[in-house]
Every structure is written in structure tokens, then in C-alpha cells.
Amino acid sequence: MLLNEEEKQIRDLCRRVVKEVPHELIRKIEREEVTFPREFIDFITKNGVVGLRFPKEYGGKGASWVAEASAVEEMGYLGFTLSCMYSLGTIVGEPMYRYGTNEQKEKYLKGITSGKLYGAEAITEPSGGSDLFGMMKTTAVKKGNKYILNGQKRFIVGGKGADFFVTYAITDPNAKSRTRGISAFIVDRDTPGLKVETLYGLMGNKGGGTARIVYKDAEVPEENLIGELNGGYEVFNRMMIPERLTTAAGSLGVSTAALKVATDYALKREAFGSKLIEHEGINFKLAESLTLLQSASALVYTAAKAADLYEKGQTTQSYARKLVSMAKLHSTEAMWKIVNDAMQIMGGIGYTTVYPIERLLRDSRLGLIWTGSSEVMKMIIQHEYLKEFTNPDYWESRRDIEKDALDFRLEEEKVFK
């Protein structure tokens with residue numbers, strides 16, 4: 001009910017596409033026969049669901065953030081790996097669309113929507129994940145018409161097979177604030193000095209080609225700088241809107257998939273003379289999971305709406321950032337509980353590879369960590385809230401609730417020091 005007709009059409013298109021993704025592909029990924037599913041990228045591109053938000057002139061549909069969220073939610077039904085692989089198109093395309101040159105848009109943005117290029121984000125470093133900018137060590141030094149990059153990035157989804165990387169490096173080591181000395185770059189895979197060093201073994205989310213890459217005197221053309229020199233922090237904050245919003249939306253799809261499997265099982269399995277679904281211990285878990293999923297969904301689409309309003313200049317980046325962080329926090333935490341309870345409903349069989357619940361459980365654990373951990377989301381939420389709270393304009397039209405207390409005049413009892 002939160003989608004308009006155009007957004008519903010996009011959701012339904014993605015639902016049809018998801019239904020046609022070969023089951024054997026997911027099984028091959030789990031068997032680690034496929035370590036980077038390029039065929040999935042080709043499939044979704046052929047079906048016209050990549051880069052939905054970007055303008056039609058760049059191969060997109062000019063869709064809203066709400067539509068994007070609905071598309072990623074459907075992709076989440078495939079699991080977190082393919083949902084993330086799908087989302088990377090809009091994540092790495094965002095900085096080029098917002099800050100890129102015409103040449104960058106023509107080459108890379110159109111490359112994404114056409115399926116000719118697949119991009120990944122190379123952000124996290126061995127020394128800096130949550131404290132990325134404070135602990136960043138990768139540097140970029142201007143030499144002639146090139147930047148020479150040195151450093152390394154890890155946990156890069158798509159690292160094995162991506163055609164290019166959106167990355168960040170220190171360009172002004174003397175900046176008073178580290179965030180004012182960082183720049184964003186596009187680094188092509190065939191860049192001299194770039195090497196994929198590690199392909200990680202993961203607990204879940206297999207098949208994403210998650211890797212560590214090293215820049216050793218990697219030569220990046222100056223025209224591959226994204227936005228302004230030393231303006232990487234602004235690019236990063238804009239990029240985090242699609243990254244965290246798509247993670248939140250994908251979590252809804254994963255949760256729905258787990259509930260589908262568990263409910264089907266509870267309707268068929270009998271214990272103590274009746275179907276599992278008839279036992280209060282089971283149907284109450286379903287009721288709790290459904291309520292949790294609905295609340296997460298409402299917050300995700302509210303955040304998506306806020307992102308749309310931010311695009312139109314009708315709300316602030318701070319407000320959109322707060323809601324997107326809330327959505328990422330709540331939906332991933334909800335997903336983890338919902339999938340875990342789905343396994344509990346199914347009992348021992350849910351712990352086997354007979355059903356996909358064990359895969360969804362392994363995959364969903366990462367949701368609480370990547371793209372900013374739950375703890376980082378809480379830091380952002382309280383930070384943005386306090387900015388609102390301490391703004392006098394925020395309270396000017398509101399009631400002074402403290403004066404409702406019987407002894408509100410006893411100022412000496414209100415200890416502030």
C-alpha cells in the first residue's frame with residue numbers, strides 16, 4: 001500500500017525475474033562451483049532491472065528510491081549474496097551519477113546498466129572498517145596526469161570478477177580533518193599495480209567473489225577522480241544512502257523467504273496429534289516474526305521515501321541519513337531473529353541442507369556487520385537525533401512538557417552541574 005502504480009510495476013517485474021533465476025545457480029554457489037556469478041549479472045541485465053533509479057539516458061528507468069527498495073526486497077528472496085550483487089549496480093553507480101563527469105557517466109554508468117561493466121566498492125581496509133577514515137592508510141599521490149595509489153582494501157564483494165572499483169584514498173595527509181583529505185577514484189581492474197591477493201572463505205554469502213586487493217604503485221588517470229579533489233567524504237556519505245538502504249530492503253526479502261519455508265513446513269508437519277501450526281509455541285513465533293517483519297518493512301519504505309524527498313530538496317541529508325540508518329539497523333536485526341526463529345520452528349531438519357534455512361541463517365548474520373555494523377548505525381542515529389534535538393527551531397512550535405510537572409518551579413532540584 002506504500003507503493004504507487006509505477007513502483008508496483010517495477011516490483012512485479014523484479015518478482016518475475018527472481019522467479020526465473022535458475023535454482024541450480026544458487027546450488028552451484030553453495031557448492032562453491034561458482035565463485036563469481038557473472039551469469040546472474042547477465043540475466044538481470046537482460047531482463048531490464050539493473051540501475052533502475054538512473055535516468056533513461058543512462059539506461060535506467062528514472063525510478064524512485066521506493067521502487068529501488070521494492071526491487072531489492074524481491075532480490076532478497078534469492079538470499080543475501082545475490083541481493084548484494086544486484087544492489088552493487090546502484091551503489092557504485094550513485095557516486096558517478098551524482099559527482100561524475102559526462103565521460104564517467106557515459107563509460108561506467110552506461111556500462112553498469114548495459115551489463116558490459118560490473119563495479120564493486122573497495123572501501124574497507126585491514127586497519128579500518130567502522131573507523132574507515134580515521135584508520136585509512138591507502139594513499140594517492142599526483143604524478144603528472146596520474147594518481148599513484150598505494151595500500152590495500154579488503155572484504156570487497158565482487159572483488160574477484162568486477163571490472164572496476166570505486167575506492168577512496170588519502171590525497172592530503174596534512175588536512176586538519178582526515179575527512180577533508182580523502183578523495184574518491186574509479187580504478188579499472190586492468191590498472192597496472194592492482195592485484196587481487198586473497199579470495200576469502202566465508203561462513204555464508206558464498207559466490208560473491210569477496211576478495212582483498214592491493215594497490216602497489218597503481219596508476220590511475222586523473223580523469224578517474226570522482227568529484228572534487230579531497231571531496232571523498234561527501235561522495236562517501238552520498239554513497240552510503242543506497243548501500244545501507246539496499247541492505248535494509250534485501251533483509252526484508254530474506255526474512256520473507258525464511259517465513260515462507262517455515263510456514264509451509266508448519267502446515268504439513270504433525271506432532272502430538274496435530275499440525276505444528278496449531279501449536280501455540282509455533283504459531284506465536286510466526287505471529288511475532290510477522291509483526292517484526294511488518295515493522296521493519298514500514299521503516300524501510302519510510303526511509304526510502306525520505307531518500308526520495310532528499311533528492312527533491314524537501315528534507316535534509318541528515319534526516320534521510322538518520323532514517324536510512326534506522327532502517328538498516330532494524331531490518332537486519334529483525335532478519336536475524338526471524339530466520340533464527342524459522343529454523344527453531346522447523347527443528348532439526350532446518351539445520352540441514354534439505355531446506356535453505358541454514359543458508360539464509362549463515363547469510364543473514366553478515367547483515368548486522370557489513371555496510372556499517374549495528375553499533376555504527378546506533379552511533380549515527382543518536383548523532384543525527386542530537387543535531388535535531390539541540391536545534392531551537394525543532395522545539396519552537398512544540399509544547400514545553402516539563403511545565404506539566406507539579407513542582408516544575410523547583411529549579412534548585414534540577415541539578416545540571
# chains A, B, ... in the order shown; residues from 1 in each chain; ligands from 1

$ residues_around --residues "A:Lys337" --least-positions-apart "2" --cutoff "12 Å" --atoms "only C-alpha atoms" --output "number ranges by chain"
A: 251, 254-255, 258-259, 285-286, 288-293, 296, 330-335, 339-344, 360-361, 364-365, 367-368

$ write_last_selection --atoms "C-alpha atoms" --output "PDB file, in the first residue's frame"
ATOM      1  CA  SER A 251      16.804  -8.093   4.552  1.00  0.00           C
ATOM      2  CA  VAL A 254      15.459 -12.819   3.143  1.00  0.00           C
ATOM      3  CA  SER A 255      13.046 -12.686   6.095  1.00  0.00           C
ATOM      4  CA  ALA A 258      12.555 -17.856   5.627  1.00  0.00           C
ATOM      5  CA  LEU A 259       8.986 -17.365   6.832  1.00  0.00           C
ATOM      6  CA  LYS A 285       6.547 -17.437  16.822  1.00  0.00           C
ATOM      7  CA  LEU A 286       5.028 -16.846  13.397  1.00  0.00           C
ATOM      8  CA  GLU A 288       5.897 -12.365  16.374  1.00  0.00           C
ATOM      9  CA  SER A 289       8.005 -12.774  13.225  1.00  0.00           C
ATOM     10  CA  LEU A 290       5.287 -11.343  11.000  1.00  0.00           C
ATOM     11  CA  THR A 291       4.873  -8.330  13.268  1.00  0.00           C
ATOM     12  CA  LEU A 292       8.629  -7.774  13.344  1.00  0.00           C
ATOM     13  CA  LEU A 293       8.827  -8.053   9.556  1.00  0.00           C
ATOM     14  CA  ALA A 296      10.902  -3.426   9.538  1.00  0.00           C
ATOM     15  CA  HIS A 330      16.162  -2.614  12.486  1.00  0.00           C
ATOM     16  CA  SER A 331      15.711  -4.703   9.341  1.00  0.00           C
ATOM     17  CA  THR A 332      18.985  -6.625   9.706  1.00  0.00           C
ATOM     18  CA  GLU A 333      18.392  -7.286  13.402  1.00  0.00           C
ATOM     19  CA  ALA A 334      14.821  -8.347  12.553  1.00  0.00           C
ATOM     20  CA  MET A 335      16.064 -10.607   9.762  1.00  0.00           C
ATOM     21  CA  VAL A 339      15.454 -16.530  10.220  1.00  0.00           C
ATOM     22  CA  ASN A 340      16.643 -17.933  13.534  1.00  0.00           C
ATOM     23  CA  ASP A 341      13.050 -18.470  14.676  1.00  0.00           C
ATOM     24  CA  ALA A 342      12.189 -20.047  11.319  1.00  0.00           C
ATOM     25  CA  MET A 343      14.901 -22.623  11.987  1.00  0.00           C
ATOM     26  CA  GLN A 344      13.537 -23.158  15.505  1.00  0.00           C
ATOM     27  CA  LEU A 360      19.712 -17.994   4.975  1.00  0.00           C
ATOM     28  CA  LEU A 361      20.820 -18.106   8.609  1.00  0.00           C
ATOM     29  CA  SER A 364      21.852 -13.134   7.423  1.00  0.00           C
ATOM     30  CA  ARG A 365      24.465 -12.938  10.182  1.00  0.00           C
ATOM     31  CA  GLY A 367      23.738  -8.134   7.792  1.00  0.00           C
ATOM     32  CA  LEU A 368      24.478  -6.959  11.332  1.00  0.00           C
TER      33      LEU A 368
END

$ select_by_dssp --residues "stretch 139-286 of chain A" --states "strand (DSSP E or B)" --output "PyMOL selection string"
chain A and resi 139-143+146-156+164-170+182-188+194-199+211-221+225-226+270-271+274-275

$ closest_residue --among "A:Leu194, A:Gly207, A:Arg178, A:Lys146" --to "A:Glu223" --atoms "only C-alpha atoms"
A:Lys146

$ closest_residue --among "A:Thr390, A:Thr352, A:Asn150, A:Thr139" --to "A:Pro192" --atoms "only C-alpha atoms"
A:Asn150

$ residues_around --residues "stretch 91-106 of chain A" --least-positions-apart "3" --cutoff "7 Å" --atoms "only C-alpha atoms" --output "MDAnalysis selection string"
chainID A and resid 87:88 109:110 119:121 166 226:227 235 239 242:243

$ residues_around --residues "A:Leu229" --least-positions-apart "6" --cutoff "8 Å" --atoms "only C-alpha atoms" --output "PDB file with C-alpha atoms, in the first residue's frame"
ATOM      1  CA  THR A 171      45.202  12.810  -1.086  1.00  0.00           C
ATOM      2  CA  ILE A 182      40.235  11.959   1.193  1.00  0.00           C
ATOM      3  CA  SER A 183      39.354  11.551  -2.477  1.00  0.00           C
TER       4      SER A 183
END

$ select_by_dssp --residues "stretch 275-393 of chain A" --states "alpha helix (DSSP H)" --output "VMD selection string"
chain A and resid 280 to 311 317 to 346 357 to 364 374 to 389 392 to 393

$ atom_distance --atom1 "atom CA of A:Leu25" --atom2 "atom CA of A:Arg38"
10.7 Å

$ residues_around --residues "stretch 67-82 of chain A" --least-positions-apart "5" --cutoff "7 Å" --atoms "only C-alpha atoms" --output "PyMOL selection string"
chain A and resi 7+10-11+14-15+18+52-53+87+205-208+246+249-254+257+304+360+363-364

$ write_last_selection --atoms "C-alpha atoms" --output "short mmCIF file (atom, residue, chain, number, x, y, z; two decimals), in the first residue's frame"
data_model
loop_
_atom_site.label_atom_id
_atom_site.label_comp_id
_atom_site.auth_asym_id
_atom_site.auth_seq_id
_atom_site.Cartn_x
_atom_site.Cartn_y
_atom_site.Cartn_z
CA GLU A 7 6.57 1.31 -8.24
CA ILE A 10 8.80 -2.41 -11.03
CA ARG A 11 8.30 -4.67 -8.00
CA CYS A 14 11.60 -7.94 -10.37
CA ARG A 15 9.42 -10.63 -8.82
CA VAL A 18 13.60 -13.54 -9.44
CA LEU A 52 16.51 1.34 -12.07
CA ARG A 53 16.97 4.74 -10.41
CA SER A 87 22.48 -3.82 -5.30
CA ASN A 205 27.24 -15.26 1.43
CA LYS A 206 29.25 -17.52 -0.82
CA GLY A 207 29.63 -16.75 -4.51
CA GLY A 208 30.19 -13.02 -4.20
CA THR A 246 19.52 -1.69 -0.18
CA ALA A 249 15.47 -3.78 1.75
CA GLY A 250 17.24 -7.04 0.93
CA SER A 251 16.80 -8.09 4.55
CA LEU A 252 13.04 -7.96 4.09
CA GLY A 253 13.24 -10.42 1.21
CA VAL A 254 15.46 -12.82 3.14
CA ALA A 257 11.77 -16.31 2.24
CA ALA A 304 13.16 5.18 1.07
CA LEU A 360 19.71 -17.99 4.98
CA ASP A 363 23.97 -15.33 5.16
CA SER A 364 21.85 -13.13 7.42
#

$ residues_around --residues "stretch 43-47 of chain A" --least-positions-apart "6" --cutoff "8 Å" --atoms "only C-alpha atoms" --output "ChimeraX atom specification"
/A:17,21,113-115

$ closest_residue --among "A:Ile338, A:Arg359, A:Glu32, A:Lys216" --to "A:Tyr200" --atoms "only C-alpha atoms"
A:Glu32

$ atom_distance --atom1 "atom CA of A:Lys328" --atom2 "atom CA of A:Thr247"
6.5 Å

$ closest_residue --among "A:Arg212, A:Lys107, A:Lys56, A:Lys116" --to "A:Lys153" --atoms "only C-alpha atoms"
A:Arg212

$ atom_distance --atom1 "atom CA of A:Leu13" --atom2 "atom CA of A:Gly59"
16.4 Å

$ residues_around --residues "A:Gly193" --least-positions-apart "6" --cutoff "12 Å" --atoms "only C-alpha atoms" --output "list in words"
Tyr147, Ile148, Leu149, Asn150, Gly151, Gln152, Val187, Ile213, Val214, Tyr215, Lys216, Asp217, Ala218, Glu219 and Val220 of chain A

$ write_last_selection --atoms "N, CA and C atoms" --output "CSV table (one decimal), in the first residue's frame"
chain,number,residue,atom,x,y,z
A,147,TYR,N,47.3,9.6,-10.7
A,147,TYR,CA,47.5,9.4,-9.3
A,147,TYR,C,48.1,8.0,-9.0
A,148,ILE,N,49.1,8.0,-8.2
A,148,ILE,CA,49.7,6.7,-7.8
A,148,ILE,C,49.1,6.2,-6.5
A,149,LEU,N,48.4,5.1,-6.5
A,149,LEU,CA,47.8,4.6,-5.4
A,149,LEU,C,48.6,3.5,-4.7
A,150,ASN,N,48.7,3.5,-3.4
A,150,ASN,CA,49.4,2.5,-2.6
A,150,ASN,C,48.6,2.2,-1.4
A,151,GLY,N,48.3,0.9,-1.1
A,151,GLY,CA,47.5,0.5,0.0
A,151,GLY,C,46.8,-0.8,-0.3
A,152,GLN,N,45.8,-1.1,0.5
A,152,GLN,CA,45.0,-2.3,0.2
A,152,GLN,C,43.6,-2.2,0.8
A,187,VAL,N,38.9,2.8,-10.2
A,187,VAL,CA,40.1,2.1,-10.6
A,187,VAL,C,39.7,0.9,-11.4
A,213,ILE,N,42.2,-6.7,-2.3
A,213,ILE,CA,43.0,-6.2,-3.4
A,213,ILE,C,44.1,-5.3,-2.9
A,214,VAL,N,45.2,-5.2,-3.6
A,214,VAL,CA,46.4,-4.5,-3.2
A,214,VAL,C,46.7,-3.5,-4.3
A,215,TYR,N,46.9,-2.2,-3.9
A,215,TYR,CA,47.4,-1.2,-4.9
A,215,TYR,C,48.9,-1.0,-4.6
A,216,LYS,N,49.7,-1.3,-5.5
A,216,LYS,CA,51.2,-1.1,-5.4
A,216,LYS,C,51.7,-0.3,-6.6
A,217,ASP,N,51.8,1.0,-6.3
A,217,ASP,CA,52.1,2.0,-7.3
A,217,ASP,C,51.1,1.9,-8.5
A,218,ALA,N,49.8,1.7,-8.1
A,218,ALA,CA,48.8,1.6,-9.2
A,218,ALA,C,48.5,2.9,-9.8
A,219,GLU,N,48.6,3.0,-11.1
A,219,GLU,CA,48.5,4.3,-11.9
A,219,GLU,C,47.0,4.5,-12.3
A,220,VAL,N,46.4,5.5,-11.7
A,220,VAL,CA,45.0,5.8,-12.0
A,220,VAL,C,45.0,7.2,-12.8

$ decode --residues "stretch 111-122 of chain A" --atoms "all heavy atoms" --output "short mmCIF file (atom, residue, chain, number, x, y, z; two decimals), in the first residue's frame"
data_model
loop_
_atom_site.label_atom_id
_atom_site.label_comp_id
_atom_site.auth_asym_id
_atom_site.auth_seq_id
_atom_site.Cartn_x
_atom_site.Cartn_y
_atom_site.Cartn_z
N GLY A 111 27.83 1.52 -18.67
CA GLY A 111 28.41 0.17 -18.61
C GLY A 111 27.67 -0.70 -17.62
O GLY A 111 27.43 -1.89 -17.86
N ILE A 112 27.27 -0.11 -16.48
CA ILE A 112 26.52 -0.85 -15.45
C ILE A 112 25.15 -1.25 -15.97
O ILE A 112 24.74 -2.41 -15.89
CB ILE A 112 26.39 0.00 -14.17
CG1 ILE A 112 27.74 0.17 -13.48
CG2 ILE A 112 25.38 -0.64 -13.21
CD1 ILE A 112 27.73 1.19 -12.36
N THR A 113 24.40 -0.29 -16.49
CA THR A 113 23.02 -0.57 -16.90
C THR A 113 22.94 -1.46 -18.13
O THR A 113 21.93 -2.15 -18.33
CB THR A 113 22.26 0.75 -17.18
OG1 THR A 113 22.97 1.51 -18.18
CG2 THR A 113 22.14 1.58 -15.91
N SER A 114 23.99 -1.48 -18.94
CA SER A 114 24.00 -2.33 -20.13
C SER A 114 24.52 -3.73 -19.84
O SER A 114 24.39 -4.64 -20.66
CB SER A 114 24.86 -1.70 -21.23
OG SER A 114 26.23 -1.68 -20.84
N GLY A 115 25.16 -3.89 -18.67
CA GLY A 115 25.74 -5.17 -18.33
C GLY A 115 27.14 -5.38 -18.87
O GLY A 115 27.75 -6.42 -18.65
N LYS A 116 27.66 -4.38 -19.56
CA LYS A 116 29.02 -4.51 -20.11
C LYS A 116 30.07 -4.40 -19.03
O LYS A 116 31.17 -4.95 -19.15
CB LYS A 116 29.24 -3.44 -21.18
CG LYS A 116 28.38 -3.61 -22.42
CD LYS A 116 28.61 -2.49 -23.41
CE LYS A 116 27.73 -2.67 -24.65
NZ LYS A 116 27.89 -1.55 -25.62
N LEU A 117 29.75 -3.65 -17.95
CA LEU A 117 30.69 -3.46 -16.85
C LEU A 117 30.00 -3.80 -15.52
O LEU A 117 28.83 -3.50 -15.34
CB LEU A 117 31.21 -2.03 -16.80
CG LEU A 117 32.06 -1.54 -17.98
CD1 LEU A 117 32.39 -0.06 -17.79
CD2 LEU A 117 33.33 -2.36 -18.13
N TYR A 118 30.78 -4.39 -14.63
CA TYR A 118 30.28 -4.64 -13.28
C TYR A 118 31.24 -4.00 -12.31
O TYR A 118 32.45 -4.23 -12.37
CB TYR A 118 30.16 -6.14 -12.99
CG TYR A 118 29.57 -6.42 -11.63
CD1 TYR A 118 28.21 -6.29 -11.42
CD2 TYR A 118 30.38 -6.78 -10.56
CE1 TYR A 118 27.65 -6.52 -10.16
CE2 TYR A 118 29.84 -7.02 -9.31
CZ TYR A 118 28.48 -6.88 -9.11
OH TYR A 118 27.93 -7.09 -7.88
N GLY A 119 30.70 -3.18 -11.43
CA GLY A 119 31.54 -2.44 -10.50
C GLY A 119 31.40 -2.93 -9.08
O GLY A 119 30.37 -3.49 -8.68
N ALA A 120 32.46 -2.75 -8.30
CA ALA A 120 32.45 -3.09 -6.88
C ALA A 120 33.00 -1.90 -6.11
O ALA A 120 33.62 -1.00 -6.67
CB ALA A 120 33.30 -4.33 -6.61
N GLU A 121 32.75 -1.88 -4.81
CA GLU A 121 33.28 -0.81 -3.97
C GLU A 121 34.44 -1.36 -3.15
O GLU A 121 34.31 -2.40 -2.50
CB GLU A 121 32.21 -0.22 -3.07
CG GLU A 121 31.39 -1.25 -2.32
CD GLU A 121 30.36 -0.62 -1.41
OE1 GLU A 121 30.39 0.60 -1.23
OE2 GLU A 121 29.52 -1.37 -0.88
N ALA A 122 35.56 -0.69 -3.22
CA ALA A 122 36.75 -1.09 -2.48
C ALA A 122 36.99 -0.03 -1.41
O ALA A 122 37.67 0.97 -1.65
CB ALA A 122 37.95 -1.21 -3.41
#
